[in-house]
$ cat my_file00.pdb   # PDB, N, CA and C atoms, pLDDT in the B column
ATOM      1  N   MET A   1       3.512 -78.474 -30.212  1.00 63.00           N
ATOM      2  CA  MET A   1       3.834 -79.852 -29.934  1.00 63.00           C
ATOM      3  C   MET A   1       2.627 -80.747 -30.184  1.00 63.00           C
ATOM      4  N   ASP A   2       1.440 -80.177 -30.204  1.00 67.00           N
ATOM      5  CA  ASP A   2       0.239 -80.983 -30.416  1.00 67.00           C
ATOM      6  C   ASP A   2       0.143 -81.542 -31.823  1.00 67.00           C
ATOM      7  N   THR A   3       0.796 -80.902 -32.782  1.00 76.00           N
ATOM      8  CA  THR A   3       0.689 -81.339 -34.170  1.00 76.00           C
ATOM      9  C   THR A   3       1.712 -82.418 -34.536  1.00 76.00           C
ATOM     10  N   TYR A   4       2.658 -82.702 -33.655  1.00 77.00           N
ATOM     11  CA  TYR A   4       3.661 -83.722 -33.940  1.00 77.00           C
ATOM     12  C   TYR A   4       3.062 -85.118 -33.830  1.00 77.00           C
ATOM     13  N   LYS A   5       3.561 -86.020 -34.660  1.00 88.00           N
ATOM     14  CA  LYS A   5       3.124 -87.412 -34.593  1.00 88.00           C
ATOM     15  C   LYS A   5       3.922 -88.120 -33.507  1.00 88.00           C
ATOM     16  N   PRO A   6       3.254 -88.885 -32.640  1.00 88.00           N
ATOM     17  CA  PRO A   6       3.986 -89.639 -31.612  1.00 88.00           C
ATOM     18  C   PRO A   6       4.830 -90.745 -32.232  1.00 88.00           C
ATOM     19  N   VAL A   7       5.891 -91.112 -31.540  1.00 89.00           N
ATOM     20  CA  VAL A   7       6.775 -92.189 -31.985  1.00 89.00           C
ATOM     21  C   VAL A   7       6.726 -93.319 -30.966  1.00 89.00           C
ATOM     22  N   PRO A   8       6.945 -94.569 -31.399  1.00 88.00           N
ATOM     23  CA  PRO A   8       6.833 -95.707 -30.471  1.00 88.00           C
ATOM     24  C   PRO A   8       8.036 -95.904 -29.553  1.00 88.00           C
ATOM     25  N   THR A   9       9.191 -95.342 -29.909  1.00 84.00           N
ATOM     26  CA  THR A   9      10.391 -95.491 -29.091  1.00 84.00           C
ATOM     27  C   THR A   9      11.016 -94.120 -28.850  1.00 84.00           C
ATOM     28  N   PRO A  10      11.682 -93.922 -27.711  1.00 84.00           N
ATOM     29  CA  PRO A  10      12.278 -92.614 -27.439  1.00 84.00           C
ATOM     30  C   PRO A  10      13.546 -92.320 -28.236  1.00 84.00           C
ATOM     31  N   CYS A  11      14.135 -93.349 -28.842  1.00 83.00           N
ATOM     32  CA  CYS A  11      15.358 -93.162 -29.619  1.00 83.00           C
ATOM     33  C   CYS A  11      15.387 -94.196 -30.737  1.00 83.00           C
ATOM     34  N   LYS A  12      15.989 -93.838 -31.842  1.00 79.00           N
ATOM     35  CA  LYS A  12      16.145 -94.806 -32.922  1.00 79.00           C
ATOM     36  C   LYS A  12      17.134 -95.892 -32.498  1.00 79.00           C
ATOM     37  N   PRO A  13      16.908 -97.117 -32.921  1.00 80.00           N
ATOM     38  CA  PRO A  13      17.853 -98.191 -32.553  1.00 80.00           C
ATOM     39  C   PRO A  13      19.250 -97.922 -33.121  1.00 80.00           C
ATOM     40  N   ASN A  14      20.252 -98.295 -32.367  1.00 75.00           N
ATOM     41  CA  ASN A  14      21.661 -98.161 -32.750  1.00 75.00           C
ATOM     42  C   ASN A  14      22.072 -96.725 -33.032  1.00 75.00           C
ATOM     43  N   THR A  15      21.477 -95.783 -32.327  1.00 73.00           N
ATOM     44  CA  THR A  15      21.849 -94.383 -32.479  1.00 73.00           C
ATOM     45  C   THR A  15      23.127 -94.119 -31.703  1.00 73.00           C
ATOM     46  N   GLN A  16      24.075 -93.469 -32.363  1.00 74.00           N
ATOM     47  CA  GLN A  16      25.331 -93.131 -31.720  1.00 74.00           C
ATOM     48  C   GLN A  16      25.514 -91.619 -31.795  1.00 74.00           C
ATOM     49  N   LEU A  17      25.533 -90.975 -30.648  1.00 75.00           N
ATOM     50  CA  LEU A  17      25.703 -89.528 -30.602  1.00 75.00           C
ATOM     51  C   LEU A  17      27.167 -89.188 -30.366  1.00 75.00           C
ATOM     52  N   LEU A  18      27.647 -88.231 -31.118  1.00 72.00           N
ATOM     53  CA  LEU A  18      29.017 -87.756 -30.961  1.00 72.00           C
ATOM     54  C   LEU A  18      28.983 -86.240 -30.826  1.00 72.00           C
ATOM     55  N   ALA A  19      29.954 -85.695 -30.128  1.00 74.00           N
ATOM     56  CA  ALA A  19      30.018 -84.251 -29.953  1.00 74.00           C
ATOM     57  C   ALA A  19      30.327 -83.534 -31.264  1.00 74.00           C
ATOM     58  N   SER A  20      31.004 -84.206 -32.179  1.00 74.00           N
ATOM     59  CA  SER A  20      31.412 -83.567 -33.432  1.00 74.00           C
ATOM     60  C   SER A  20      30.418 -83.791 -34.567  1.00 74.00           C
ATOM     61  N   LYS A  21      29.352 -84.531 -34.325  1.00 81.00           N
ATOM     62  CA  LYS A  21      28.395 -84.854 -35.380  1.00 81.00           C
ATOM     63  C   LYS A  21      27.322 -83.763 -35.450  1.00 81.00           C
ATOM     64  N   GLY A  22      27.073 -83.240 -36.632  1.00 83.00           N
ATOM     65  CA  GLY A  22      26.056 -82.209 -36.819  1.00 83.00           C
ATOM     66  C   GLY A  22      26.650 -80.817 -36.814  1.00 83.00           C
ATOM     67  N   THR A  23      25.790 -79.818 -36.983  1.00 85.00           N
ATOM     68  CA  THR A  23      26.224 -78.429 -36.979  1.00 85.00           C
ATOM     69  C   THR A  23      25.945 -77.804 -35.623  1.00 85.00           C
ATOM     70  N   LEU A  24      26.885 -77.009 -35.151  1.00 82.00           N
ATOM     71  CA  LEU A  24      26.752 -76.365 -33.845  1.00 82.00           C
ATOM     72  C   LEU A  24      25.637 -75.329 -33.878  1.00 82.00           C
ATOM     73  N   LEU A  25      24.885 -75.262 -32.773  1.00 84.00           N
ATOM     74  CA  LEU A  25      23.814 -74.282 -32.629  1.00 84.00           C
ATOM     75  C   LEU A  25      24.271 -73.173 -31.695  1.00 84.00           C
ATOM     76  N   ASP A  26      23.797 -71.960 -31.957  1.00 82.00           N
ATOM     77  CA  ASP A  26      24.213 -70.809 -31.166  1.00 82.00           C
ATOM     78  C   ASP A  26      23.420 -70.669 -29.872  1.00 82.00           C
ATOM     79  N   ASP A  27      22.106 -70.865 -29.934  1.00 83.00           N
ATOM     80  CA  ASP A  27      21.249 -70.624 -28.777  1.00 83.00           C
ATOM     81  C   ASP A  27      21.039 -71.924 -28.000  1.00 83.00           C
ATOM     82  N   HIS A  28      21.520 -71.950 -26.763  1.00 84.00           N
ATOM     83  CA  HIS A  28      21.425 -73.151 -25.942  1.00 84.00           C
ATOM     84  C   HIS A  28      20.260 -73.090 -24.964  1.00 84.00           C
ATOM     85  N   THR A  29      19.560 -71.965 -24.865  1.00 88.00           N
ATOM     86  CA  THR A  29      18.570 -71.787 -23.809  1.00 88.00           C
ATOM     87  C   THR A  29      17.375 -72.716 -23.967  1.00 88.00           C
ATOM     88  N   ALA A  30      16.862 -72.883 -25.164  1.00 88.00           N
ATOM     89  CA  ALA A  30      15.702 -73.757 -25.370  1.00 88.00           C
ATOM     90  C   ALA A  30      16.074 -75.205 -25.073  1.00 88.00           C
ATOM     91  N   TYR A  31      17.250 -75.616 -25.497  1.00 88.00           N
ATOM     92  CA  TYR A  31      17.707 -76.987 -25.257  1.00 88.00           C
ATOM     93  C   TYR A  31      17.850 -77.249 -23.761  1.00 88.00           C
ATOM     94  N   ARG A  32      18.471 -76.326 -23.058  1.00 90.00           N
ATOM     95  CA  ARG A  32      18.664 -76.507 -21.618  1.00 90.00           C
ATOM     96  C   ARG A  32      17.337 -76.516 -20.875  1.00 90.00           C
ATOM     97  N   SER A  33      16.414 -75.718 -21.314  1.00 91.00           N
ATOM     98  CA  SER A  33      15.097 -75.688 -20.688  1.00 91.00           C
ATOM     99  C   SER A  33      14.360 -77.010 -20.889  1.00 91.00           C
ATOM    100  N   LEU A  34      14.407 -77.546 -22.102  1.00 91.00           N
ATOM    101  CA  LEU A  34      13.744 -78.817 -22.387  1.00 91.00           C
ATOM    102  C   LEU A  34      14.381 -79.975 -21.627  1.00 91.00           C
ATOM    103  N   VAL A  35      15.690 -80.009 -21.590  1.00 92.00           N
ATOM    104  CA  VAL A  35      16.379 -81.089 -20.891  1.00 92.00           C
ATOM    105  C   VAL A  35      16.130 -80.988 -19.385  1.00 92.00           C
ATOM    106  N   GLY A  36      16.066 -79.779 -18.862  1.00 91.00           N
ATOM    107  CA  GLY A  36      15.749 -79.603 -17.445  1.00 91.00           C
ATOM    108  C   GLY A  36      14.354 -80.103 -17.115  1.00 91.00           C
ATOM    109  N   ALA A  37      13.398 -79.833 -17.986  1.00 92.00           N
ATOM    110  CA  ALA A  37      12.042 -80.334 -17.773  1.00 92.00           C
ATOM    111  C   ALA A  37      12.006 -81.853 -17.870  1.00 92.00           C
ATOM    112  N   LEU A  38      12.776 -82.417 -18.785  1.00 92.00           N
ATOM    113  CA  LEU A  38      12.827 -83.870 -18.910  1.00 92.00           C
ATOM    114  C   LEU A  38      13.486 -84.522 -17.695  1.00 92.00           C
ATOM    115  N   GLN A  39      14.416 -83.823 -17.056  1.00 92.00           N
ATOM    116  CA  GLN A  39      15.035 -84.369 -15.852  1.00 92.00           C
ATOM    117  C   GLN A  39      13.998 -84.543 -14.744  1.00 92.00           C
ATOM    118  N   TYR A  40      13.094 -83.594 -14.602  1.00 91.00           N
ATOM    119  CA  TYR A  40      12.028 -83.749 -13.614  1.00 91.00           C
ATOM    120  C   TYR A  40      11.091 -84.890 -13.988  1.00 91.00           C
ATOM    121  N   LEU A  41      10.901 -85.099 -15.245  1.00 89.00           N
ATOM    122  CA  LEU A  41      10.010 -86.153 -15.705  1.00 89.00           C
ATOM    123  C   LEU A  41      10.572 -87.547 -15.421  1.00 89.00           C
ATOM    124  N   THR A  42      11.884 -87.662 -15.295  1.00 90.00           N
ATOM    125  CA  THR A  42      12.488 -88.978 -15.055  1.00 90.00           C
ATOM    126  C   THR A  42      12.163 -89.528 -13.671  1.00 90.00           C
ATOM    127  N   PHE A  43      11.665 -88.693 -12.757  1.00 89.00           N
ATOM    128  CA  PHE A  43      11.268 -89.204 -11.442  1.00 89.00           C
ATOM    129  C   PHE A  43      10.093 -90.164 -11.563  1.00 89.00           C
ATOM    130  N   THR A  44       9.202 -89.891 -12.490  1.00 86.00           N
ATOM    131  CA  THR A  44       8.029 -90.748 -12.664  1.00 86.00           C
ATOM    132  C   THR A  44       8.117 -91.618 -13.912  1.00 86.00           C
ATOM    133  N   ARG A  45       9.078 -91.357 -14.778  1.00 87.00           N
ATOM    134  CA  ARG A  45       9.241 -92.124 -16.017  1.00 87.00           C
ATOM    135  C   ARG A  45      10.673 -92.641 -16.101  1.00 87.00           C
ATOM    136  N   PRO A  46      10.999 -93.746 -15.419  1.00 88.00           N
ATOM    137  CA  PRO A  46      12.373 -94.249 -15.445  1.00 88.00           C
ATOM    138  C   PRO A  46      12.829 -94.744 -16.816  1.00 88.00           C
ATOM    139  N   ASP A  47      11.903 -94.969 -17.735  1.00 88.00           N
ATOM    140  CA  ASP A  47      12.287 -95.404 -19.080  1.00 88.00           C
ATOM    141  C   ASP A  47      13.014 -94.306 -19.850  1.00 88.00           C
ATOM    142  N   LEU A  48      12.923 -93.078 -19.375  1.00 90.00           N
ATOM    143  CA  LEU A  48      13.579 -91.950 -20.044  1.00 90.00           C
ATOM    144  C   LEU A  48      14.928 -91.591 -19.422  1.00 90.00           C
ATOM    145  N   SER A  49      15.270 -92.197 -18.325  1.00 91.00           N
ATOM    146  CA  SER A  49      16.451 -91.786 -17.558  1.00 91.00           C
ATOM    147  C   SER A  49      17.739 -91.848 -18.377  1.00 91.00           C
ATOM    148  N   TYR A  50      17.946 -92.921 -19.094  1.00 89.00           N
ATOM    149  CA  TYR A  50      19.194 -93.065 -19.853  1.00 89.00           C
ATOM    150  C   TYR A  50      19.316 -91.999 -20.940  1.00 89.00           C
ATOM    151  N   LEU A  51      18.247 -91.792 -21.705  1.00 89.00           N
ATOM    152  CA  LEU A  51      18.333 -90.822 -22.803  1.00 89.00           C
ATOM    153  C   LEU A  51      18.462 -89.391 -22.318  1.00 89.00           C
ATOM    154  N   VAL A  52      17.805 -89.070 -21.222  1.00 92.00           N
ATOM    155  CA  VAL A  52      17.944 -87.721 -20.669  1.00 92.00           C
ATOM    156  C   VAL A  52      19.369 -87.520 -20.158  1.00 92.00           C
ATOM    157  N   ASN A  53      19.957 -88.557 -19.588  1.00 91.00           N
ATOM    158  CA  ASN A  53      21.353 -88.481 -19.165  1.00 91.00           C
ATOM    159  C   ASN A  53      22.266 -88.238 -20.361  1.00 91.00           C
ATOM    160  N   VAL A  54      22.025 -88.925 -21.449  1.00 88.00           N
ATOM    161  CA  VAL A  54      22.823 -88.722 -22.668  1.00 88.00           C
ATOM    162  C   VAL A  54      22.646 -87.299 -23.186  1.00 88.00           C
ATOM    163  N   ALA A  55      21.419 -86.787 -23.159  1.00 89.00           N
ATOM    164  CA  ALA A  55      21.170 -85.418 -23.622  1.00 89.00           C
ATOM    165  C   ALA A  55      21.876 -84.401 -22.736  1.00 89.00           C
ATOM    166  N   CYS A  56      21.992 -84.679 -21.448  1.00 89.00           N
ATOM    167  CA  CYS A  56      22.673 -83.761 -20.528  1.00 89.00           C
ATOM    168  C   CYS A  56      24.175 -83.712 -20.768  1.00 89.00           C
ATOM    169  N   GLN A  57      24.738 -84.752 -21.305  1.00 88.00           N
ATOM    170  CA  GLN A  57      26.180 -84.795 -21.518  1.00 88.00           C
ATOM    171  C   GLN A  57      26.645 -83.843 -22.615  1.00 88.00           C
ATOM    172  N   TYR A  58      25.730 -83.388 -23.459  1.00 85.00           N
ATOM    173  CA  TYR A  58      26.107 -82.532 -24.589  1.00 85.00           C
ATOM    174  C   TYR A  58      25.607 -81.112 -24.415  1.00 85.00           C
ATOM    175  N   MET A  59      25.537 -80.614 -23.191  1.00 85.00           N
ATOM    176  CA  MET A  59      25.055 -79.251 -22.942  1.00 85.00           C
ATOM    177  C   MET A  59      25.996 -78.194 -23.512  1.00 85.00           C
ATOM    178  N   ASN A  60      27.296 -78.441 -23.483  1.00 84.00           N
ATOM    179  CA  ASN A  60      28.261 -77.433 -23.916  1.00 84.00           C
ATOM    180  C   ASN A  60      28.510 -77.437 -25.415  1.00 84.00           C
ATOM    181  N   SER A  61      28.397 -78.582 -26.058  1.00 83.00           N
ATOM    182  CA  SER A  61      28.640 -78.662 -27.499  1.00 83.00           C
ATOM    183  C   SER A  61      27.366 -79.112 -28.199  1.00 83.00           C
ATOM    184  N   LEU A  62      26.382 -78.253 -28.180  1.00 88.00           N
ATOM    185  CA  LEU A  62      25.055 -78.565 -28.711  1.00 88.00           C
ATOM    186  C   LEU A  62      25.043 -78.509 -30.231  1.00 88.00           C
ATOM    187  N   THR A  63      24.532 -79.583 -30.844  1.00 88.00           N
ATOM    188  CA  THR A  63      24.376 -79.616 -32.297  1.00 88.00           C
ATOM    189  C   THR A  63      22.914 -79.897 -32.633  1.00 88.00           C
ATOM    190  N   ASP A  64      22.594 -79.812 -33.904  1.00 89.00           N
ATOM    191  CA  ASP A  64      21.224 -80.078 -34.330  1.00 89.00           C
ATOM    192  C   ASP A  64      20.835 -81.543 -34.124  1.00 89.00           C
ATOM    193  N   VAL A  65      21.797 -82.447 -34.103  1.00 88.00           N
ATOM    194  CA  VAL A  65      21.521 -83.865 -33.861  1.00 88.00           C
ATOM    195  C   VAL A  65      21.045 -84.073 -32.420  1.00 88.00           C
ATOM    196  N   HIS A  66      21.676 -83.389 -31.479  1.00 87.00           N
ATOM    197  CA  HIS A  66      21.277 -83.504 -30.075  1.00 87.00           C
ATOM    198  C   HIS A  66      19.894 -82.892 -29.856  1.00 87.00           C
ATOM    199  N   TYR A  67      19.634 -81.790 -30.520  1.00 90.00           N
ATOM    200  CA  TYR A  67      18.325 -81.146 -30.396  1.00 90.00           C
ATOM    201  C   TYR A  67      17.236 -82.040 -30.991  1.00 90.00           C
ATOM    202  N   ALA A  68      17.545 -82.750 -32.055  1.00 89.00           N
ATOM    203  CA  ALA A  68      16.586 -83.678 -32.656  1.00 89.00           C
ATOM    204  C   ALA A  68      16.305 -84.841 -31.700  1.00 89.00           C
ATOM    205  N   LEU A  69      17.297 -85.278 -30.938  1.00 89.00           N
ATOM    206  CA  LEU A  69      17.088 -86.332 -29.953  1.00 89.00           C
ATOM    207  C   LEU A  69      16.097 -85.882 -28.888  1.00 89.00           C
ATOM    208  N   VAL A  70      16.242 -84.661 -28.409  1.00 91.00           N
ATOM    209  CA  VAL A  70      15.328 -84.147 -27.393  1.00 91.00           C
ATOM    210  C   VAL A  70      13.920 -84.022 -27.956  1.00 91.00           C
ATOM    211  N   LYS A  71      13.799 -83.596 -29.187  1.00 91.00           N
ATOM    212  CA  LYS A  71      12.482 -83.516 -29.809  1.00 91.00           C
ATOM    213  C   LYS A  71      11.846 -84.896 -29.931  1.00 91.00           C
ATOM    214  N   ARG A  72      12.645 -85.899 -30.263  1.00 91.00           N
ATOM    215  CA  ARG A  72      12.105 -87.258 -30.374  1.00 91.00           C
ATOM    216  C   ARG A  72      11.657 -87.784 -29.008  1.00 91.00           C
ATOM    217  N   ILE A  73      12.404 -87.461 -27.960  1.00 92.00           N
ATOM    218  CA  ILE A  73      11.982 -87.860 -26.614  1.00 92.00           C
ATOM    219  C   ILE A  73      10.635 -87.225 -26.289  1.00 92.00           C
ATOM    220  N   LEU A  74      10.459 -85.963 -26.642  1.00 92.00           N
ATOM    221  CA  LEU A  74       9.184 -85.288 -26.385  1.00 92.00           C
ATOM    222  C   LEU A  74       8.051 -85.916 -27.189  1.00 92.00           C
ATOM    223  N   ARG A  75       8.330 -86.325 -28.409  1.00 93.00           N
ATOM    224  CA  ARG A  75       7.304 -86.997 -29.215  1.00 93.00           C
ATOM    225  C   ARG A  75       6.934 -88.342 -28.603  1.00 93.00           C
ATOM    226  N   TYR A  76       7.904 -89.049 -28.038  1.00 93.00           N
ATOM    227  CA  TYR A  76       7.632 -90.312 -27.358  1.00 93.00           C
ATOM    228  C   TYR A  76       6.767 -90.081 -26.112  1.00 93.00           C
ATOM    229  N   VAL A  77       7.097 -89.044 -25.350  1.00 91.00           N
ATOM    230  CA  VAL A  77       6.313 -88.730 -24.157  1.00 91.00           C
ATOM    231  C   VAL A  77       4.882 -88.379 -24.547  1.00 91.00           C
ATOM    232  N   GLN A  78       4.719 -87.645 -25.629  1.00 90.00           N
ATOM    233  CA  GLN A  78       3.384 -87.277 -26.080  1.00 90.00           C
ATOM    234  C   GLN A  78       2.564 -88.520 -26.430  1.00 90.00           C
ATOM    235  N   GLY A  79       3.175 -89.510 -27.021  1.00 89.00           N
ATOM    236  CA  GLY A  79       2.448 -90.723 -27.415  1.00 89.00           C
ATOM    237  C   GLY A  79       2.170 -91.666 -26.263  1.00 89.00           C
ATOM    238  N   THR A  80       2.938 -91.557 -25.174  1.00 88.00           N
ATOM    239  CA  THR A  80       2.771 -92.466 -24.038  1.00 88.00           C
ATOM    240  C   THR A  80       2.322 -91.729 -22.788  1.00 88.00           C
ATOM    241  N   ILE A  81       1.622 -90.624 -22.961  1.00 83.00           N
ATOM    242  CA  ILE A  81       1.210 -89.807 -21.829  1.00 83.00           C
ATOM    243  C   ILE A  81       0.244 -90.537 -20.905  1.00 83.00           C
ATOM    244  N   ASN A  82      -0.543 -91.463 -21.441  1.00 82.00           N
ATOM    245  CA  ASN A  82      -1.525 -92.184 -20.643  1.00 82.00           C
ATOM    246  C   ASN A  82      -0.992 -93.475 -20.044  1.00 82.00           C
ATOM    247  N   CYS A  83       0.246 -93.825 -20.344  1.00 75.00           N
ATOM    248  CA  CYS A  83       0.844 -95.047 -19.813  1.00 75.00           C
ATOM    249  C   CYS A  83       1.396 -94.776 -18.424  1.00 75.00           C
ATOM    250  N   GLY A  84       1.265 -95.743 -17.559  1.00 66.00           N
ATOM    251  CA  GLY A  84       1.793 -95.614 -16.206  1.00 66.00           C
ATOM    252  C   GLY A  84       2.771 -96.734 -15.897  1.00 66.00           C
ATOM    253  N   LEU A  85       3.315 -96.687 -14.703  1.00 65.00           N
ATOM    254  CA  LEU A  85       4.215 -97.745 -14.281  1.00 65.00           C
ATOM    255  C   LEU A  85       3.398 -98.961 -14.050  1.00 65.00           C
TER     256      LEU A  85
END
$ encode --input "my_file00.pdb" --output "structure tokens"
Amino acid sequence: MDTYKPVPTPCKPNTQLLASKGTLLDDHTAYRSLVGALQYLTFTRPDLSYLVNVACQYMNSLTDVHYALVKRILRYVQGTINCGL
């Protein structure tokens, strides 16, 4: 994760996630682990609450688009690690 470039926003503008968009992934464990860690992070980072909620809604029908959203959230967190409330 250290080699990723940080992004200025946690999500692209006008992003619309659908359950049928993208290809289904077989392994859900990494996604669930990342989203669970992000849920704990929302206690101190309320700016992430909406996107983490959206990511939680697609736990059963995981696609590569949803996994890319979680990766982008992590890249945003990496770039704003020193920012506080």
$ atom_distance --input "my_file00.pdb" --atom1 "CA of Pro13 in chain A" --atom2 "CA of Tyr31 in chain A"
22.4 Å
$ atom_distance --input "my_file00.pdb" --atom1 "CA of Ser20 in chain A" --atom2 "CA of Leu48 in chain A"
23.8 Å
$ residues_around --input "my_file00.pdb" --residues "Cys11 in chain A" --least-positions-apart "5" --cutoff "8 Å" --atoms "only N, CA and C atoms" --output "list in words"
Leu51, Leu69, Arg72, Ile73 and Tyr76 of chain A
$ select_by_dssp --input "my_file00.pdb" --residues "chain A" --states "alpha helix (DSSP H)" --output "MDAnalysis selection string"
chainID A and resid 29:41 49:56 64:79
$ atom_distance --input "my_file00.pdb" --atom1 "CA of Lys5 in chain A" --atom2 "CA of Arg75 in chain A"
6.8 Å
$ residues_around --input "my_file00.pdb" --residues "Leu24 in chain A" --least-positions-apart "4" --cutoff "6.5 Å" --atoms "all atoms listed in the file" --output "PDB file with N, CA and C atoms, keeping the file's coordinate frame"
ATOM      1  N   SER A  61      28.397 -78.582 -26.058  1.00 83.00           N
ATOM      2  CA  SER A  61      28.640 -78.662 -27.499  1.00 83.00           C
ATOM      3  C   SER A  61      27.366 -79.112 -28.199  1.00 83.00           C
ATOM      4  N   LEU A  62      26.382 -78.253 -28.180  1.00 88.00           N
ATOM      5  CA  LEU A  62      25.055 -78.565 -28.711  1.00 88.00           C
ATOM      6  C   LEU A  62      25.043 -78.509 -30.231  1.00 88.00           C
ATOM      7  N   THR A  63      24.532 -79.583 -30.844  1.00 88.00           N
ATOM      8  CA  THR A  63      24.376 -79.616 -32.297  1.00 88.00           C
ATOM      9  C   THR A  63      22.914 -79.897 -32.633  1.00 88.00           C
ATOM     10  N   ASP A  64      22.594 -79.812 -33.904  1.00 89.00           N
ATOM     11  CA  ASP A  64      21.224 -80.078 -34.330  1.00 89.00           C
ATOM     12  C   ASP A  64      20.835 -81.543 -34.124  1.00 89.00           C
TER      13      ASP A  64
END
$ resolve_selection --input "my_file00.pdb" --expression "the PyMOL selection byres (((chain A and resi 52 and name CA) around 8) and name CA)" --output "list in words"
Val35, Leu38, Gln39, Thr42, Leu48, Ser49, Tyr50, Leu51, Asn53, Val54, Ala55 and Cys56 of chain A
$ write_last_selection --input "my_file00.pdb" --atoms "N, CA and C atoms" --output "short mmCIF file (atom, residue, chain, number, x, y, z; two decimals), in the coordinates of the input"
data_model
loop_
_atom_site.label_atom_id
_atom_site.label_comp_id
_atom_site.auth_asym_id
_atom_site.auth_seq_id
_atom_site.Cartn_x
_atom_site.Cartn_y
_atom_site.Cartn_z
N VAL A 35 15.69 -80.01 -21.59
CA VAL A 35 16.38 -81.09 -20.89
C VAL A 35 16.13 -80.99 -19.39
N LEU A 38 12.78 -82.42 -18.78
CA LEU A 38 12.83 -83.87 -18.91
C LEU A 38 13.49 -84.52 -17.70
N GLN A 39 14.42 -83.82 -17.06
CA GLN A 39 15.04 -84.37 -15.85
C GLN A 39 14.00 -84.54 -14.74
N THR A 42 11.88 -87.66 -15.30
CA THR A 42 12.49 -88.98 -15.06
C THR A 42 12.16 -89.53 -13.67
N LEU A 48 12.92 -93.08 -19.38
CA LEU A 48 13.58 -91.95 -20.04
C LEU A 48 14.93 -91.59 -19.42
N SER A 49 15.27 -92.20 -18.32
CA SER A 49 16.45 -91.79 -17.56
C SER A 49 17.74 -91.85 -18.38
N TYR A 50 17.95 -92.92 -19.09
CA TYR A 50 19.19 -93.06 -19.85
C TYR A 50 19.32 -92.00 -20.94
N LEU A 51 18.25 -91.79 -21.70
CA LEU A 51 18.33 -90.82 -22.80
C LEU A 51 18.46 -89.39 -22.32
N ASN A 53 19.96 -88.56 -19.59
CA ASN A 53 21.35 -88.48 -19.16
C ASN A 53 22.27 -88.24 -20.36
N VAL A 54 22.02 -88.92 -21.45
CA VAL A 54 22.82 -88.72 -22.67
C VAL A 54 22.65 -87.30 -23.19
N ALA A 55 21.42 -86.79 -23.16
CA ALA A 55 21.17 -85.42 -23.62
C ALA A 55 21.88 -84.40 -22.74
N CYS A 56 21.99 -84.68 -21.45
CA CYS A 56 22.67 -83.76 -20.53
C CYS A 56 24.18 -83.71 -20.77
#
$ axis_aligned_box --input "my_file00.pdb" --around "range 38-55 of chain A" --padding-each-side "5 Å" --output "AutoDock Vina command-line options"
--center_x 15.4 --center_y -88.9 --center_z -17.5 --size_x 24.8 --size_y 23.0 --size_z 22.2
$ residues_around --input "my_file00.pdb" --residues "Leu74 in chain A" --least-positions-apart "6" --cutoff "8 Å" --atoms "all atoms listed in the file" --output "PDB file with N, CA and C atoms, keeping the file's coordinate frame"
ATOM      1  N   MET A   1       3.512 -78.474 -30.212  1.00 63.00           N
ATOM      2  CA  MET A   1       3.834 -79.852 -29.934  1.00 63.00           C
ATOM      3  C   MET A   1       2.627 -80.747 -30.184  1.00 63.00           C
ATOM      4  N   LYS A   5       3.561 -86.020 -34.660  1.00 88.00           N
ATOM      5  CA  LYS A   5       3.124 -87.412 -34.593  1.00 88.00           C
ATOM      6  C   LYS A   5       3.922 -88.120 -33.507  1.00 88.00           C
ATOM      7  N   PRO A   6       3.254 -88.885 -32.640  1.00 88.00           N
ATOM      8  CA  PRO A   6       3.986 -89.639 -31.612  1.00 88.00           C
ATOM      9  C   PRO A   6       4.830 -90.745 -32.232  1.00 88.00           C
ATOM     10  N   VAL A   7       5.891 -91.112 -31.540  1.00 89.00           N
ATOM     11  CA  VAL A   7       6.775 -92.189 -31.985  1.00 89.00           C
ATOM     12  C   VAL A   7       6.726 -93.319 -30.966  1.00 89.00           C
ATOM     13  N   PRO A  10      11.682 -93.922 -27.711  1.00 84.00           N
ATOM     14  CA  PRO A  10      12.278 -92.614 -27.439  1.00 84.00           C
ATOM     15  C   PRO A  10      13.546 -92.320 -28.236  1.00 84.00           C
ATOM     16  N   ALA A  68      17.545 -82.750 -32.055  1.00 89.00           N
ATOM     17  CA  ALA A  68      16.586 -83.678 -32.656  1.00 89.00           C
ATOM     18  C   ALA A  68      16.305 -84.841 -31.700  1.00 89.00           C
ATOM     19  N   THR A  80       2.938 -91.557 -25.174  1.00 88.00           N
ATOM     20  CA  THR A  80       2.771 -92.466 -24.038  1.00 88.00           C
ATOM     21  C   THR A  80       2.322 -91.729 -22.788  1.00 88.00           C
TER      22      THR A  80
END
